[in-house]
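Trainee: Structure file target06.txt (compact mmCIF, C-alpha atoms (C1' of nucleotides)) is given on the next line.
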```txt
# COMPACT_ATOMS: atom_id res chain seq x y z
CA MET A 1 94.44 122.08 98.69
CA ARG A 2 95.68 124.20 95.82
CA GLU A 3 95.53 121.19 93.55
CA ARG A 4 91.86 120.63 94.20
CA ARG A 5 91.22 124.29 93.49
CA ASP A 6 92.91 124.08 90.09
CA GLU A 7 91.03 120.89 89.36
CA LEU A 8 87.72 122.61 90.05
CA LEU A 9 88.74 125.60 87.95
CA ALA A 10 89.52 123.33 85.02
CA ILE A 11 86.14 121.64 85.34
CA ALA A 12 84.41 124.99 85.52
CA ALA A 13 86.34 126.30 82.51
CA GLY A 14 85.26 123.31 80.45
CA LEU A 15 81.61 123.91 81.27
CA PHE A 16 81.79 127.67 80.80
CA ALA A 17 83.38 127.14 77.40
CA GLU A 18 80.81 124.57 76.36
CA LYS A 19 77.59 126.15 77.59
CA GLY A 20 78.49 129.73 78.36
CA PHE A 21 79.08 131.35 81.73
CA LYS A 22 75.51 132.30 82.50
CA ASN A 23 74.08 129.03 81.25
CA THR A 24 76.36 127.03 83.51
CA THR A 25 75.00 126.64 87.03
CA VAL A 26 77.05 126.09 90.13
CA ARG A 27 75.21 122.78 90.40
CA ASP A 28 76.52 121.81 86.96
CA ILE A 29 80.06 122.47 88.10
CA ALA A 30 79.58 120.65 91.39
CA ASP A 31 78.00 117.64 89.65
CA ALA A 32 80.92 117.40 87.25
CA ALA A 33 83.28 117.53 90.21
CA GLY A 34 81.32 114.97 92.19
CA ILE A 35 80.46 117.25 95.10
CA LEU A 36 77.49 119.35 96.19
CA SER A 37 77.06 122.89 94.93
CA GLY A 38 77.49 124.47 98.35
CA SER A 39 80.89 122.86 98.72
CA LEU A 40 82.24 124.99 95.89
CA TYR A 41 82.02 127.96 98.20
CA HIS A 42 84.65 126.47 100.43
CA HIS A 43 87.09 127.12 97.56
CA PHE A 44 85.70 130.19 95.83
CA ASP A 45 83.85 133.37 96.75
CA SER A 46 81.44 133.19 93.88
CA LYS A 47 80.86 131.91 90.37
CA GLU A 48 82.22 135.21 89.10
CA SER A 49 85.47 134.71 90.99
CA MET A 50 85.98 131.45 89.18
CA VAL A 51 85.71 132.87 85.69
CA ASP A 52 87.73 135.88 86.79
CA GLU A 53 90.64 133.71 87.87
CA ILE A 54 90.39 131.61 84.71
CA LEU A 55 90.54 134.61 82.38
CA ARG A 56 93.14 136.63 84.25
CA THR A 57 95.70 133.83 84.33
CA PHE A 58 95.26 133.08 80.66
CA GLN A 59 95.41 136.66 79.46
CA GLU A 60 98.58 137.46 81.34
CA GLU A 61 100.34 134.68 79.50
CA LEU A 62 98.90 135.50 76.09
CA PHE A 63 99.72 139.19 76.18
CA GLY A 64 103.17 138.40 77.48
CA ARG A 65 103.77 136.49 74.27
CA TYR A 66 102.46 139.31 72.09
CA ASP A 67 104.80 141.70 73.87
CA GLU A 68 107.74 139.39 73.21
CA ILE A 69 106.93 139.41 69.50
CA LEU A 70 106.64 143.18 69.35
CA ALA A 71 109.94 143.54 71.22
CA SER A 72 111.78 141.09 68.97
CA ASP A 73 113.93 142.21 66.08
CA ALA A 74 112.12 140.06 63.50
CA ASP A 75 110.95 141.86 60.37
CA PRO A 76 107.31 143.09 60.24
CA LEU A 77 106.03 140.21 58.14
CA ALA A 78 107.60 137.61 60.41
CA GLN A 79 106.15 139.37 63.45
CA LEU A 80 102.68 139.28 61.95
CA GLU A 81 103.07 135.61 61.17
CA GLN A 82 104.25 134.87 64.68
CA ALA A 83 101.31 136.72 66.19
CA VAL A 84 98.93 134.56 64.16
CA LEU A 85 100.80 131.41 65.17
CA VAL A 86 100.77 132.38 68.83
CA SER A 87 97.03 132.99 68.63
CA PHE A 88 96.31 129.59 67.12
CA ASP A 89 98.61 128.08 69.71
CA ALA A 90 96.47 129.69 72.41
CA ILE A 91 93.37 128.18 70.79
CA ASP A 92 95.09 124.81 71.00
CA GLN A 93 96.62 125.06 74.47
CA HIS A 94 93.95 127.15 76.20
CA HIS A 95 90.87 126.20 74.28
CA ASP A 96 88.39 126.73 77.10
CA GLU A 97 89.80 130.08 78.13
CA VAL A 98 89.71 131.43 74.58
CA ALA A 99 86.16 130.17 74.11
CA ILE A 100 85.01 131.82 77.32
CA PHE A 101 86.62 135.10 76.38
CA GLN A 102 85.09 134.95 72.90
CA ASN A 103 81.59 134.05 74.01
CA ASP A 104 81.13 135.71 77.36
CA ALA A 105 83.31 138.83 77.38
CA ALA A 106 80.41 141.02 76.30
CA TYR A 107 78.25 139.77 79.15
CA LEU A 108 81.00 139.89 81.75
CA LEU A 109 81.82 143.45 80.77
CA THR A 110 78.52 144.53 82.28
CA PHE A 111 80.10 143.96 85.70
CA ASP A 112 82.61 146.45 87.05
CA ARG A 113 85.02 143.78 88.19
CA PHE A 114 85.55 142.69 84.58
CA ALA A 115 86.40 146.12 83.25
CA TYR A 116 89.94 144.88 82.66
CA LEU A 117 88.59 142.78 79.79
CA ALA A 118 87.90 145.98 77.90
CA ASP A 119 91.49 147.06 78.52
CA ARG A 120 92.68 143.76 77.10
CA ASN A 121 90.53 144.30 74.02
CA ARG A 122 92.08 147.71 73.48
CA GLN A 123 95.53 146.28 74.05
CA SER A 124 94.90 143.51 71.52
CA ARG A 125 93.71 146.04 68.97
CA GLN A 126 96.89 148.03 69.46
CA VAL A 127 99.03 144.95 68.90
CA TRP A 128 97.44 144.12 65.56
CA LEU A 129 97.25 147.71 64.38
CA THR A 130 100.94 148.15 65.16
CA LEU A 131 101.89 144.97 63.33
CA LEU A 132 99.86 145.99 60.27
CA GLN A 133 101.15 149.56 60.24
CA ASN A 134 104.77 148.39 60.57
CA GLY A 135 104.19 146.09 57.59
CA ILE A 136 102.74 148.91 55.53
CA ASP A 137 105.52 151.32 56.49
CA ALA A 138 108.12 148.70 55.56
CA GLY A 139 106.45 148.33 52.19
CA VAL A 140 105.62 144.62 52.53
CA LEU A 141 101.86 145.06 53.02
CA ARG A 142 99.34 146.72 50.72
CA ASP A 143 98.78 150.34 51.67
CA ASP A 144 95.39 150.66 49.98
CA LEU A 145 93.51 148.76 52.64
CA ASP A 146 91.58 150.17 55.59
CA VAL A 147 93.80 149.18 58.51
CA GLU A 148 90.95 149.17 61.02
CA LEU A 149 88.85 146.85 58.87
CA THR A 150 91.81 144.60 58.12
CA TYR A 151 92.49 144.32 61.84
CA ARG A 152 88.91 143.26 62.49
CA PHE A 153 88.96 140.64 59.80
CA ILE A 154 92.16 139.15 61.15
CA ARG A 155 90.99 139.24 64.75
CA ASP A 156 87.63 137.68 63.91
CA THR A 157 88.94 134.93 61.71
CA VAL A 158 91.67 133.95 64.11
CA TRP A 159 89.64 133.84 67.30
CA VAL A 160 86.40 132.51 65.92
CA ALA A 161 88.30 129.37 64.94
CA VAL A 162 87.94 128.33 68.57
CA SER A 163 84.32 127.52 67.82
CA TRP A 164 85.18 124.70 65.44
CA TYR A 165 88.80 123.74 66.15
CA ARG A 166 89.13 120.70 68.40
CA PRO A 167 92.55 119.72 69.74
CA GLY A 168 93.54 116.36 68.35
CA GLY A 169 91.51 116.81 65.16
CA ARG A 170 92.50 116.12 61.59
CA ARG A 171 94.67 119.20 61.23
CA THR A 172 97.11 120.56 63.78
CA HIS A 173 96.69 124.13 64.89
CA THR A 174 99.94 124.98 63.14
CA GLU A 175 98.70 123.63 59.82
CA ILE A 176 95.53 125.67 60.21
CA ALA A 177 97.53 128.77 61.06
CA ARG A 178 99.73 128.30 57.97
CA GLN A 179 96.74 127.87 55.68
CA TYR A 180 95.12 130.91 57.20
CA LEU A 181 98.26 132.98 56.71
CA SER A 182 98.45 131.84 53.13
CA ILE A 183 94.93 133.07 52.45
CA LEU A 184 95.40 136.26 54.41
CA LEU A 185 98.68 137.17 52.73
CA GLU A 186 98.18 135.96 49.17
CA GLY A 187 94.40 135.70 48.78
CA ILE A 188 92.40 132.89 47.24
CA HIS A 189 92.50 134.38 43.76
CA ARG A 190 94.80 132.60 41.36
CA ALA A 191 97.84 134.76 40.80
CA MET B 1 46.34 142.23 65.72
CA ARG B 2 49.04 140.95 63.38
CA GLU B 3 50.75 144.31 63.56
CA ARG B 4 51.08 144.16 67.31
CA ARG B 5 52.49 140.67 67.00
CA ASP B 6 55.19 141.79 64.58
CA GLU B 7 55.94 144.75 66.81
CA LEU B 8 56.48 142.44 69.77
CA LEU B 9 58.64 140.12 67.68
CA ALA B 10 60.85 143.01 66.64
CA ILE B 11 61.27 144.07 70.26
CA ALA B 12 62.10 140.52 71.27
CA ALA B 13 64.58 140.15 68.41
CA GLY B 14 66.40 143.29 69.51
CA LEU B 15 66.76 142.00 73.04
CA PHE B 16 67.71 138.47 71.99
CA ALA B 17 70.39 139.90 69.73
CA GLU B 18 71.71 142.21 72.42
CA LYS B 19 71.72 139.96 75.46
CA GLY B 20 71.27 136.47 74.10
CA PHE B 21 68.16 134.31 74.06
CA LYS B 22 68.60 132.71 77.45
CA ASN B 23 69.70 135.91 79.14
CA THR B 24 66.59 137.73 77.95
CA THR B 25 63.60 137.20 80.21
CA VAL B 26 59.98 137.43 79.17
CA ARG B 27 59.76 140.29 81.64
CA ASP B 28 62.51 142.13 79.73
CA ILE B 29 60.52 141.79 76.54
CA ALA B 30 57.27 142.83 78.20
CA ASP B 31 58.90 145.84 79.86
CA ALA B 32 60.32 147.00 76.54
CA ALA B 33 56.85 146.65 75.03
CA GLY B 34 55.17 148.43 77.91
CA ILE B 35 53.00 145.51 78.98
CA LEU B 36 53.13 142.80 81.64
CA SER B 37 54.96 139.56 81.02
CA GLY B 38 51.83 137.41 81.16
CA SER B 39 50.28 139.42 78.35
CA LEU B 40 52.91 138.13 75.94
CA TYR B 41 51.25 134.75 76.14
CA HIS B 42 48.16 136.15 74.49
CA HIS B 43 50.25 136.48 71.35
CA PHE B 44 52.77 133.63 71.63
CA ASP B 45 52.90 130.09 72.96
CA SER B 46 56.29 130.47 74.56
CA LYS B 47 59.58 132.33 74.47
CA GLU B 48 60.89 129.59 72.20
CA SER B 49 58.09 130.18 69.72
CA MET B 50 59.16 133.78 69.43
CA VAL B 51 62.75 133.07 68.51
CA ASP B 52 61.59 130.25 66.26
CA GLU B 53 59.39 132.56 64.24
CA ILE B 54 62.12 135.18 64.09
CA LEU B 55 64.74 132.78 62.73
CA ARG B 56 62.52 130.84 60.34
CA THR B 57 61.29 133.92 58.52
CA PHE B 58 64.78 135.31 58.15
CA GLN B 59 66.40 132.09 56.98
CA GLU B 60 63.82 131.43 54.32
CA GLU B 61 64.63 134.76 52.74
CA LEU B 62 68.40 134.42 53.04
CA PHE B 63 68.63 130.95 51.56
CA GLY B 64 66.27 131.97 48.81
CA ARG B 65 68.83 134.56 47.80
CA TYR B 66 71.69 132.07 47.89
CA ASP B 67 69.69 129.75 45.66
CA GLU B 68 69.11 132.55 43.17
CA ILE B 69 72.86 133.15 42.97
CA LEU B 70 73.64 129.49 42.43
CA ALA B 71 70.96 129.27 39.75
CA SER B 72 72.20 132.35 37.93
CA ASP B 73 74.48 132.17 34.91
CA ALA B 74 77.12 134.48 36.38
CA ASP B 75 80.68 133.20 36.34
CA PRO B 76 82.06 131.49 39.48
CA LEU B 77 83.99 134.51 40.73
CA ALA B 78 80.98 136.80 40.35
CA GLN B 79 78.80 134.27 42.15
CA LEU B 80 81.21 134.15 45.07
CA GLU B 81 81.28 137.92 45.23
CA GLN B 82 77.51 138.09 45.17
CA ALA B 83 77.22 135.57 47.97
CA VAL B 84 79.50 137.71 50.11
CA LEU B 85 77.54 140.83 49.23
CA VAL B 86 74.24 139.17 50.03
CA SER B 87 75.59 138.05 53.38
CA PHE B 88 76.72 141.54 54.35
CA ASP B 89 73.39 142.83 53.16
CA ALA B 90 71.70 140.42 55.57
CA ILE B 91 73.90 141.73 58.36
CA ASP B 92 72.72 145.21 57.48
CA GLN B 93 69.04 144.51 56.89
CA HIS B 94 68.48 141.75 59.44
CA HIS B 95 71.05 142.57 62.04
CA ASP B 96 69.18 141.13 65.00
CA GLU B 97 68.30 137.89 63.26
CA VAL B 98 71.88 137.26 62.16
CA ALA B 99 73.17 138.04 65.65
CA ILE B 100 70.71 135.64 67.23
CA PHE B 101 71.62 132.90 64.81
CA GLN B 102 75.33 133.51 65.39
CA ASN B 103 75.16 133.62 69.16
CA ASP B 104 72.36 131.28 70.13
CA ALA B 105 72.17 128.60 67.46
CA ALA B 106 74.37 126.24 69.48
CA TYR B 107 72.11 126.56 72.48
CA LEU B 108 68.87 126.34 70.54
CA LEU B 109 70.11 123.21 68.79
CA THR B 110 69.80 121.36 72.09
CA PHE B 111 66.03 121.47 71.58
CA ASP B 112 64.38 119.19 69.06
CA ARG B 113 62.21 121.90 67.61
CA PHE B 114 65.30 123.76 66.40
CA ALA B 115 66.84 120.82 64.57
CA TYR B 116 66.20 122.69 61.32
CA LEU B 117 68.96 125.08 62.28
CA ALA B 118 71.45 122.26 61.81
CA ASP B 119 69.97 121.63 58.36
CA ARG B 120 70.48 125.27 57.53
CA ASN B 121 74.09 125.05 58.65
CA ARG B 122 74.67 122.09 56.37
CA GLN B 123 72.91 123.89 53.55
CA SER B 124 75.06 126.97 54.04
CA ARG B 125 78.21 124.86 54.00
CA GLN B 126 77.11 123.31 50.71
CA VAL B 127 76.55 126.72 49.17
CA TRP B 128 80.04 127.96 49.98
CA LEU B 129 81.77 124.69 49.12
CA THR B 130 80.01 124.65 45.75
CA LEU B 131 80.98 128.24 45.03
CA LEU B 132 84.61 127.56 45.93
CA GLN B 133 84.82 124.30 43.99
CA ASN B 134 83.27 125.92 40.92
CA GLY B 135 85.90 128.63 41.13
CA ILE B 136 88.70 126.11 41.40
CA ASP B 137 87.34 124.01 38.53
CA ALA B 138 87.08 127.10 36.36
CA GLY B 139 90.70 127.91 37.15
CA VAL B 140 90.05 131.29 38.76
CA LEU B 141 90.74 130.23 42.34
CA ARG B 142 93.90 128.69 43.81
CA ASP B 143 93.72 124.91 43.84
CA ASP B 144 96.37 124.42 46.54
CA LEU B 145 94.10 125.46 49.41
CA ASP B 146 92.08 123.21 51.71
CA VAL B 147 88.53 123.92 50.56
CA GLU B 148 86.99 123.01 53.91
CA LEU B 149 89.29 125.36 55.80
CA THR B 150 88.79 128.13 53.27
CA TYR B 151 85.05 127.77 53.64
CA ARG B 152 85.30 128.10 57.40
CA PHE B 153 87.44 131.20 57.19
CA ILE B 154 85.01 132.84 54.81
CA ARG B 155 81.97 131.88 56.83
CA ASP B 156 83.51 133.05 60.08
CA THR B 157 84.79 136.35 58.82
CA VAL B 158 81.57 137.23 57.07
CA TRP B 159 79.14 136.39 59.85
CA VAL B 160 81.18 137.46 62.81
CA ALA B 161 81.10 140.97 61.39
CA VAL B 162 77.62 141.21 62.88
CA SER B 163 79.26 141.59 66.27
CA TRP B 164 80.81 144.93 65.40
CA TYR B 165 78.96 146.27 62.36
CA ARG B 166 76.29 148.82 63.23
CA PRO B 167 73.88 150.02 60.55
CA GLY B 168 74.42 153.70 59.95
CA GLY B 169 78.07 153.60 60.95
CA ARG B 170 81.07 155.13 59.20
CA ARG B 171 81.25 152.52 56.47
CA THR B 172 78.32 151.08 54.54
CA HIS B 173 77.92 147.34 54.52
CA THR B 174 78.74 147.35 50.82
CA GLU B 175 82.04 149.13 51.40
CA ILE B 176 82.91 146.59 54.07
CA ALA B 177 81.99 143.72 51.79
CA ARG B 178 84.17 145.13 49.01
CA GLN B 179 87.16 145.55 51.31
CA TYR B 180 86.66 142.07 52.64
CA LEU B 181 86.50 140.63 49.13
CA SER B 182 89.67 142.48 48.24
CA ILE B 183 91.51 140.89 51.15
CA LEU B 184 90.01 137.48 50.57
CA LEU B 185 90.77 137.43 46.86
CA GLU B 186 94.10 139.24 46.65
CA GLY B 187 95.53 139.01 50.17
CA ILE B 188 97.15 141.73 52.21
CA HIS B 189 100.65 141.01 50.93
CA ARG B 190 101.99 143.56 48.49
CA ALA B 191 101.97 142.03 45.05
C1' DT C 1 95.33 111.32 122.99
C1' DG C 2 93.68 115.59 121.89
C1' DT C 3 93.25 119.25 118.77
C1' DC C 4 93.21 121.38 114.75
C1' DC C 5 91.97 122.07 109.72
C1' DG C 6 90.84 121.31 104.98
C1' DA C 7 87.17 119.28 102.26
C1' DC C 8 82.87 118.33 102.10
C1' DC C 9 77.55 117.49 103.23
C1' DA C 10 72.54 118.60 104.28
C1' DA C 11 69.28 121.81 104.24
C1' DG C 12 67.38 125.78 102.88
C1' DC C 13 66.68 130.95 101.75
C1' DA C 14 65.71 134.94 98.73
C1' DA C 15 65.46 136.29 94.22
C1' DG C 16 64.32 135.40 89.76
C1' DT C 17 62.53 132.23 85.96
C1' DG C 18 58.76 130.80 82.27
C1' DC C 19 54.20 130.31 82.22
C1' DT C 20 49.01 129.95 83.85
C1' DT C 21 44.75 131.51 85.53
C1' DG C 22 40.69 134.29 85.91
C1' DG C 23 39.37 138.54 85.00
C1' DT C 24 38.42 143.44 82.61
C1' DA C 25 38.14 147.60 79.53
C1' DG C 26 36.87 149.11 75.18
C1' DG C 27 35.76 149.02 70.46
C1' DG C 28 33.12 146.67 66.69
C1' DT C 29 28.96 144.20 65.28
C1' DA C 30 24.12 142.30 65.36
C1' DT D 1 20.91 146.87 73.95
C1' DA D 2 23.36 142.66 74.07
C1' DC D 3 27.04 140.22 72.56
C1' DC D 4 31.79 139.30 71.19
C1' DC D 5 36.67 139.65 70.61
C1' DT D 6 41.23 141.57 71.10
C1' DA D 7 44.61 143.18 74.06
C1' DC D 8 45.79 143.46 78.26
C1' DC D 9 46.16 143.22 83.83
C1' DA D 10 46.83 141.15 88.60
C1' DA D 11 48.24 137.53 91.03
C1' DG D 12 50.65 133.71 91.72
C1' DC D 13 52.53 128.80 90.94
C1' DA D 14 56.29 125.53 90.34
C1' DC D 15 60.78 125.55 89.57
C1' DT D 16 65.74 127.10 89.23
C1' DT D 17 69.26 130.23 90.49
C1' DG D 18 73.55 131.72 93.39
C1' DC D 19 74.77 131.52 97.81
C1' DT D 20 74.63 130.72 103.19
C1' DT D 21 74.66 128.27 107.44
C1' DG D 22 75.86 124.85 110.75
C1' DG D 23 77.70 120.68 110.98
C1' DT D 24 80.60 116.01 109.96
C1' DC D 25 84.74 113.36 109.04
C1' DG D 26 89.35 111.91 108.34
C1' DG D 27 94.10 112.88 108.29
C1' DA D 28 98.16 115.78 110.12
C1' DC D 29 100.52 117.30 113.98
C1' DA D 30 101.58 118.21 118.99
```
Kindly present the structure from the file in structure tokens form.

Mentor:
Amino acid sequence: MRERRDELLAIAAGLFAEKGFKNTTVRDIADAAGILSGSLYHHFDSKESMVDEILRTFQEELFGRYDEILASDADPLAQLEQAVLVSFDAIDQHHDEVAIFQNDAAYLLTFDRFAYLADRNRQSRQVWLTLLQNGIDAGVLRDDLDVELTYRFIRDTVWVAVSWYRPGGRRTHTEIARQYLSILLEGIHRA
Amino acid sequence: MRERRDELLAIAAGLFAEKGFKNTTVRDIADAAGILSGSLYHHFDSKESMVDEILRTFQEELFGRYDEILASDADPLAQLEQAVLVSFDAIDQHHDEVAIFQNDAAYLLTFDRFAYLADRNRQSRQVWLTLLQNGIDAGVLRDDLDVELTYRFIRDTVWVAVSWYRPGGRRTHTEIARQYLSILLEGIHRA
DNA sequence: TGTCCGACCAAGCAAGTGCTTGGTAGGGTA
DNA sequence: TACCCTACCAAGCACTTGCTTGGTCGGACA
């Protein structure tokens, strides 16, 4: 009962991530599950409910991990590094969910029921701004950079990796995260 | 005659960029233009033809500028900087076109007629890889970084800016490009 | 044995999709 | 005056969309 539900959600998530929420039809999902489209409505209210459940579950976990980092007693630089590592870990472990959030959040936000996605965006911004400001205050990060712009560059580069990273590829997500941190922290210019 | 065509294309580009190609209906475009949907077909073969014309025109110009940079006698670092500046300039001057290419290329690639978009992607990759390798060979860029990964980070960060940059905002596209180059080249770590 | 119940099917509806068809108003040209 | 041509309208077609309805079937439980 509940198992079948989760199975269907996983199938739906894969399709949403691959083709986008709006471009995925309930018939696509049903076909992939080997049932008829109408039968999906025995398990779910609507197509929207499916993506809602997928995103909610994922985001609760992700933001829980950010909160842990912020609450830890690690130094600012280590916290920033951990936040990047956690993000790449999410790309690895919850690839579909991240892809859906990246690609379809803007569209979903046009519905009232997805207003919480905007809250999550604000919350995410606060996490990164806090990490950056702590680093600057502690004197380990450059203080001549526009914090808002720096936040956007970090956010974009981290999350957009979901569009090309494939679990099981040539490089592990941790290797990618380390390389990224190296560029972000030290730059590509030869010292 | 030709003017009206270009006018309609600009309207379509704005909607495609805002809502996505598939999520924009021919009735949306017609409404925005103040005509009926059928009347669009006096000017264009199909909805696909519209986006095709929009992307082709833009890409010819953009890649022409990349070629100029590669053909110039500027040093490797200056060439890399110019490529970044040109890209942010495209985001400023051809916002809709860049957004469409960013958001809908994957979907459009499922149609044969848009196979050239894949060629452009390969071409773009070659441009950045060449710029990076030239910099490494000349000894001005770090040689301990994975060139392929570095390319992806640059590409992603540059182009994804189209999702939040708005012409006429607080910072000019040149200021943003300069800040980005500063982070990319020197890192955010305090020297 | 009878009775539920969860999972699914078969059929179809209303709304919306890209696109087609036949027509018309109005300005330019012969 | 007669003829085009450009830009558009009015209507609708074939198809796809999310979702609904009434029903079937097999296993669990009394």

Trainee: Using all atoms listed in the file, which residues sit within 12 Å of segment 2-18 of chain C once same-chain residues fewer than 4 positions away are excluded, as JSON, numbers by chain?

Mentor: {"A": [1, 2, 4, 5, 30, 33, 34, 35, 36, 37, 38, 39, 40, 41, 42, 43], "B": [22, 23, 24, 25, 26, 27, 28, 37, 38, 40, 41, 45, 46, 47, 48], "D": [13, 14, 15, 16, 17, 18, 19, 20, 21, 22, 23, 24, 25, 26, 27, 28, 29, 30]}

Trainee: For the atom pair atom CA of Phe114 of chain A and atom CA of Leu129 of chain A, what is the interatomic distance in Å to one decimal place?

Mentor: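 Distance between the two atoms: 23.9 Å.
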
Trainee: With distances taken over only C-alpha atoms (C1' of nucleotides), which residue among C:DC19, C:DT24, C:DT29, C:DT1 lies nearest chain B?

Mentor: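 With only C-alpha atoms (C1' of nucleotides) as the atom set, the closest residue is C:DC19.
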
Trainee: Can you tell me, as an MDAnalysis selection string, what residues are no more than 9 Å from Val51 of chain A when counting all atoms listed in the file, ignoring any on the same chain fewer than 2 positions away?

Mentor: chainID A and resid 9 12:13 16 21 47:49 53:56 100

Trainee: Find the residues in chain D near chain B: any atom within 12 Å counts, using all atoms listed in the file. Write them as a PDB file with C-alpha atoms (C1' of nucleotides), in the frame of the given file.

Mentor:
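Saved result, part_24.pdb, follows:
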```
ATOM      1  C1'  DC D   5      36.670 139.650  70.610  1.00  0.00           C
ATOM      2  C1'  DT D   6      41.230 141.570  71.100  1.00  0.00           C
ATOM      3  C1'  DA D   7      44.610 143.180  74.060  1.00  0.00           C
ATOM      4  C1'  DC D   8      45.790 143.460  78.260  1.00  0.00           C
ATOM      5  C1'  DC D   9      46.160 143.220  83.830  1.00  0.00           C
ATOM      6  C1'  DA D  10      46.830 141.150  88.600  1.00  0.00           C
ATOM      7  C1'  DA D  11      48.240 137.530  91.030  1.00  0.00           C
ATOM      8  C1'  DG D  12      50.650 133.710  91.720  1.00  0.00           C
TER       9       DG D  12
END
```

Trainee: What are the residues of chain B lining chain A at 6 Å or less? Count all atoms listed in the file, and put the answer as a compact mmCIF listing (two decimals) with C-alpha atoms, keeping the file's coordinate frame.

Mentor:
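Output file out_4.txt is given in full below:
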```
# COMPACT_ATOMS: atom_id res chain seq x y z
CA VAL B 140 90.05 131.29 38.76
CA LEU B 141 90.74 130.23 42.34
CA ARG B 142 93.90 128.69 43.81
CA ASP B 156 83.51 133.05 60.08
CA THR B 157 84.79 136.35 58.82
CA LEU B 184 90.01 137.48 50.57
CA LEU B 185 90.77 137.43 46.86
CA GLU B 186 94.10 139.24 46.65
CA GLY B 187 95.53 139.01 50.17
CA ILE B 188 97.15 141.73 52.21
CA HIS B 189 100.65 141.01 50.93
CA ARG B 190 101.99 143.56 48.49
```

Trainee: For each of B:Gly14, B:Tyr66, B:Gly168, B:Asp96, take the minimum atom-to-atom distance to Leu80 of chain B, counting all atoms listed in the file, then give the residue where this is smallest.

Mentor: B:Tyr66

Trainee: Quick check, in Å to one decimal: how far apart do atom CA of Ala90 of chain A and atom CA of Val127 of chain A lie?

Mentor: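 If I compute the distance from atom CA of Ala90 of chain A to atom CA of Val127 of chain A, I get 15.9 Å.
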